[in-house]
Amino acid sequence: MVYSPETGVRPILVTGAAGSVGAVGRTVVQGLRRRGLQVRALVRRDDDRAQALRATGVEVVVGDLTCARDVADALDGCGRMYFGMAVSDQYLLAAVTTAAVARAYGRLEAFVNMSQLTVSEMDSTSGSESHQHRQQWLVEQVLDWSGLPVVQVRPTVFMENPLFQTVFSSIAKDGVIRWPFGEARTSPIAADDVAAVVEEILADPAGHIGRSYELTGPRSQDVVALAAEISDALHRTIGYTAVPLQEWLDNDLAALELPAHVRQHISTMAGLHLDGRYDRQAEGMAEVTGRSAEGVADFVRKNPALFTR
């Protein structure tokens, strides 16, 4: 068994450590290393991102989350783990495989699962959500039955989500938000804030086991208010053009050329926004970290290149 020489804590396994959308796993790894904790990162490919992780003192394991042997090898000697995975039609298989191996392994202090806020409104017969939402709901059920020391983290839509990529592109190109949301409200959160919650739980999990934390931005607001906040941050006026949902799907979203499973998920999220399902305000961020999530204006100021041509 390998212990961190700094803390005496067994290594923490982080999956999705080389991920793309928001890079929650990578940010979690960086935060845990700053705390002097030993981290093992499970990545799908041994590429430049894996090399960058090794450079920070992280043990990198290459493997497939849908392969039980790979998961078992990655978990060997670890005391805590974070399960996070990109939107994928393999998500359910990967998550259940990981849970089954972790249950057989039987020595984890914490299993932190990245879910989504939408699943808190679902039940066994819900039908309006995406295929990805349904898989994530099922995974939460499996984890509840598993007997593992689970912590559920349920963020709302990420500011790094493709839903917002279309907005950033239209702002950079035309100075307007093109969205099919009408007067619907939303409360997006930045991936860095979600990662801060995961990091805090993994660093000291004892008081969090069995809890579910719902994460949103600091306020739920309509697109007019969102445009005003972005205008203040950019020091230029950003307008809002409401477009029909199908037009947005056929043009703005299609331009991203997303895989079919991801496109169905994002399309459904847009429809759920119209139905008011993302008009949510939650305090999970403050509960875990002691501070509020950053707002859209903070994200804009940190990422000015996204909003200029």
# chains A, B, ... in the order shown; residues from 1 in each chain; ligands from 1
>>> residues_around(residues="A:Asp222", least_positions_apart="2", cutoff="9 Å", atoms="only C-alpha atoms", output="list of chain:residue names")
A:Phe181, A:Gly182, A:Glu183, A:Ala184, A:Arg185, A:Thr186, A:Ser187, A:Ser220, A:Val224, A:Ala225, A:Leu226, A:Ala227, A:Asp279
>>> write_last_selection(atoms="N, CA, C and O atoms", output="CSV table (one decimal), in the first residue's frame")
chain,number,residue,atom,x,y,z
A,181,PHE,N,-34.2,30.8,-26.0
A,181,PHE,CA,-34.7,30.7,-24.6
A,181,PHE,C,-35.9,31.6,-24.2
A,181,PHE,O,-36.4,31.5,-23.2
A,182,GLY,N,-36.2,32.5,-25.1
A,182,GLY,CA,-37.3,33.4,-24.7
A,182,GLY,C,-37.0,34.2,-23.4
A,182,GLY,O,-36.0,34.8,-23.3
A,183,GLU,N,-37.9,34.0,-22.5
A,183,GLU,CA,-37.8,34.7,-21.2
A,183,GLU,C,-37.3,33.7,-20.1
A,183,GLU,O,-37.3,34.0,-18.9
A,184,ALA,N,-36.8,32.5,-20.5
A,184,ALA,CA,-36.4,31.5,-19.6
A,184,ALA,C,-35.2,32.0,-18.8
A,184,ALA,O,-34.4,32.8,-19.3
A,185,ARG,N,-35.0,31.4,-17.6
A,185,ARG,CA,-33.9,31.8,-16.7
A,185,ARG,C,-32.9,30.7,-16.6
A,185,ARG,O,-33.3,29.5,-16.7
A,186,THR,N,-31.7,31.0,-16.3
A,186,THR,CA,-30.7,30.0,-16.1
A,186,THR,C,-29.6,30.5,-15.1
A,186,THR,O,-29.5,31.7,-14.8
A,187,SER,N,-28.9,29.6,-14.5
A,187,SER,CA,-27.9,29.9,-13.4
A,187,SER,C,-26.6,29.1,-13.6
A,187,SER,O,-26.3,28.2,-12.8
A,220,SER,N,-30.1,33.1,-10.6
A,220,SER,CA,-30.8,32.7,-11.8
A,220,SER,C,-31.4,33.9,-12.5
A,220,SER,O,-32.1,34.7,-11.8
A,224,VAL,N,-31.9,38.6,-21.0
A,224,VAL,CA,-31.7,40.0,-21.0
A,224,VAL,C,-30.8,40.4,-19.9
A,224,VAL,O,-29.8,41.2,-20.1
A,225,ALA,N,-31.0,39.9,-18.7
A,225,ALA,CA,-30.1,40.2,-17.5
A,225,ALA,C,-28.7,39.6,-17.8
A,225,ALA,O,-27.7,40.2,-17.4
A,226,LEU,N,-28.6,38.4,-18.4
A,226,LEU,CA,-27.4,37.8,-18.7
A,226,LEU,C,-26.6,38.7,-19.7
A,226,LEU,O,-25.4,38.9,-19.5
A,227,ALA,N,-27.3,39.2,-20.7
A,227,ALA,CA,-26.6,40.1,-21.7
A,227,ALA,C,-26.1,41.4,-21.0
A,227,ALA,O,-25.0,41.9,-21.3
A,279,ASP,N,-34.2,27.0,-14.1
A,279,ASP,CA,-34.4,28.2,-13.3
A,279,ASP,C,-34.2,27.7,-11.8
A,279,ASP,O,-35.2,27.5,-11.1
>>> select_by_dssp(residues="stretch 87-122 of chain A", states="strand (DSSP E or B)", output="JSON, numbers by chain")
{"A": [110, 111, 112, 113, 114]}
>>> atom_distance(atom1="atom CA of A:Ile209", atom2="atom CA of A:Ala110")
6.9 Å
>>> select_by_dssp(residues="stretch 6-230 of chain A", states="alpha helix (DSSP H)", output="PyMOL selection string")
chain A and resi 24-34+48-55+68-75+91-105+131-146+162-174+191-203+223-230
>>> write_last_selection(atoms="C-alpha atoms", output="compact mmCIF listing (two decimals), in the first residue's frame")
# COMPACT_ATOMS: atom_id res chain seq x y z
CA VAL A 24 -12.85 19.46 -13.99
CA GLY A 25 -10.71 16.36 -13.44
CA ARG A 26 -7.49 18.13 -14.37
CA THR A 27 -8.32 21.07 -12.10
CA VAL A 28 -9.12 18.69 -9.24
CA VAL A 29 -5.75 17.00 -9.72
CA GLN A 30 -3.95 20.34 -9.59
CA GLY A 31 -5.76 21.37 -6.42
CA LEU A 32 -5.08 18.10 -4.63
CA ARG A 33 -1.40 18.27 -5.54
CA ARG A 34 -1.18 21.80 -4.14
CA ASP A 48 0.74 15.46 -24.10
CA ARG A 49 -1.96 16.01 -21.48
CA ALA A 50 -0.84 12.87 -19.65
CA GLN A 51 2.76 14.08 -19.76
CA ALA A 52 1.69 17.41 -18.29
CA LEU A 53 0.02 15.58 -15.41
CA ARG A 54 3.19 13.56 -14.74
CA ALA A 55 5.16 16.80 -14.61
CA ALA A 68 -13.07 -3.81 -15.24
CA ARG A 69 -9.41 -4.91 -15.24
CA ASP A 70 -8.23 -1.39 -16.08
CA VAL A 71 -10.41 0.09 -13.33
CA ALA A 72 -9.18 -2.46 -10.79
CA ASP A 73 -5.55 -1.71 -11.63
CA ALA A 74 -6.17 2.02 -11.32
CA LEU A 75 -7.94 1.63 -7.96
CA TYR A 91 -21.26 6.57 -19.74
CA LEU A 92 -23.62 4.08 -18.10
CA LEU A 93 -21.36 1.11 -18.85
CA ALA A 94 -18.30 2.94 -17.56
CA ALA A 95 -19.95 4.16 -14.37
CA VAL A 96 -21.52 0.82 -13.46
CA THR A 97 -18.28 -1.01 -14.22
CA THR A 98 -16.40 1.41 -11.97
CA ALA A 99 -18.97 1.08 -9.17
CA ALA A 100 -18.91 -2.72 -9.36
CA VAL A 101 -15.11 -2.85 -9.18
CA ALA A 102 -15.04 -0.29 -6.37
CA ARG A 103 -17.60 -2.32 -4.40
CA ALA A 104 -15.58 -5.53 -4.85
CA TYR A 105 -12.43 -3.64 -3.92
CA HIS A 131 -30.33 9.94 -22.96
CA GLN A 132 -27.37 11.23 -20.95
CA HIS A 133 -29.62 12.49 -18.16
CA ARG A 134 -31.32 9.09 -18.00
CA GLN A 135 -27.95 7.33 -17.76
CA GLN A 136 -26.84 9.64 -14.97
CA TRP A 137 -30.09 9.07 -13.07
CA LEU A 138 -29.58 5.32 -13.37
CA VAL A 139 -26.00 5.63 -12.14
CA GLU A 140 -27.17 7.49 -9.05
CA GLN A 141 -29.58 4.62 -8.33
CA VAL A 142 -26.81 2.04 -8.72
CA LEU A 143 -24.53 3.99 -6.42
CA ASP A 144 -27.30 4.29 -3.83
CA TRP A 145 -27.69 0.49 -3.87
CA SER A 146 -23.96 -0.22 -3.88
CA PRO A 162 -21.49 23.67 -25.90
CA LEU A 163 -24.78 25.41 -25.11
CA PHE A 164 -22.71 28.42 -24.09
CA GLN A 165 -20.09 27.95 -26.83
CA THR A 166 -22.74 29.04 -29.33
CA VAL A 167 -23.37 32.16 -27.25
CA PHE A 168 -19.69 33.07 -27.03
CA SER A 169 -19.35 32.64 -30.80
CA SER A 170 -22.32 34.88 -31.56
CA ILE A 171 -21.06 37.53 -29.12
CA ALA A 172 -17.60 37.49 -30.70
CA LYS A 173 -19.02 37.63 -34.21
CA ASP A 174 -22.04 39.92 -33.94
CA ALA A 191 -16.08 24.32 -14.12
CA ASP A 192 -13.43 25.75 -11.78
CA ASP A 193 -16.07 26.18 -9.08
CA VAL A 194 -17.33 22.63 -9.56
CA ALA A 195 -13.75 21.38 -9.32
CA ALA A 196 -13.26 23.33 -6.09
CA VAL A 197 -16.20 21.45 -4.54
CA VAL A 198 -14.87 18.07 -5.66
CA GLU A 199 -11.38 18.92 -4.40
CA GLU A 200 -12.66 19.96 -0.98
CA ILE A 201 -14.68 16.75 -0.58
CA LEU A 202 -11.79 14.51 -1.65
CA ALA A 203 -9.35 16.28 0.64
CA VAL A 223 -31.12 36.24 -21.03
CA VAL A 224 -31.70 40.01 -20.99
CA ALA A 225 -30.10 40.19 -17.54
CA LEU A 226 -27.36 37.82 -18.70
CA ALA A 227 -26.63 40.10 -21.66
CA ALA A 228 -26.45 43.12 -19.34
CA GLU A 229 -23.96 41.33 -17.07
CA ILE A 230 -21.78 40.36 -20.02
>>> closest_atom_pairs(of="stretch 50-116 of chain A", to="stretch 11-18 of chain A", cutoff="6 Å", atoms="only C-alpha atoms", output="tab-separated table")
residue	atom	partner	partner_atom	distance
A:Cys78	CA	A:Pro11	CA	4.7
A:Arg80	CA	A:Ile12	CA	4.9
A:Met81	CA	A:Leu13	CA	4.5
A:Tyr82	CA	A:Val14	CA	4.9
A:Phe83	CA	A:Thr15	CA	5.5
A:Gly84	CA	A:Gly16	CA	5.6
A:Met85	CA	A:Gly16	CA	5.5
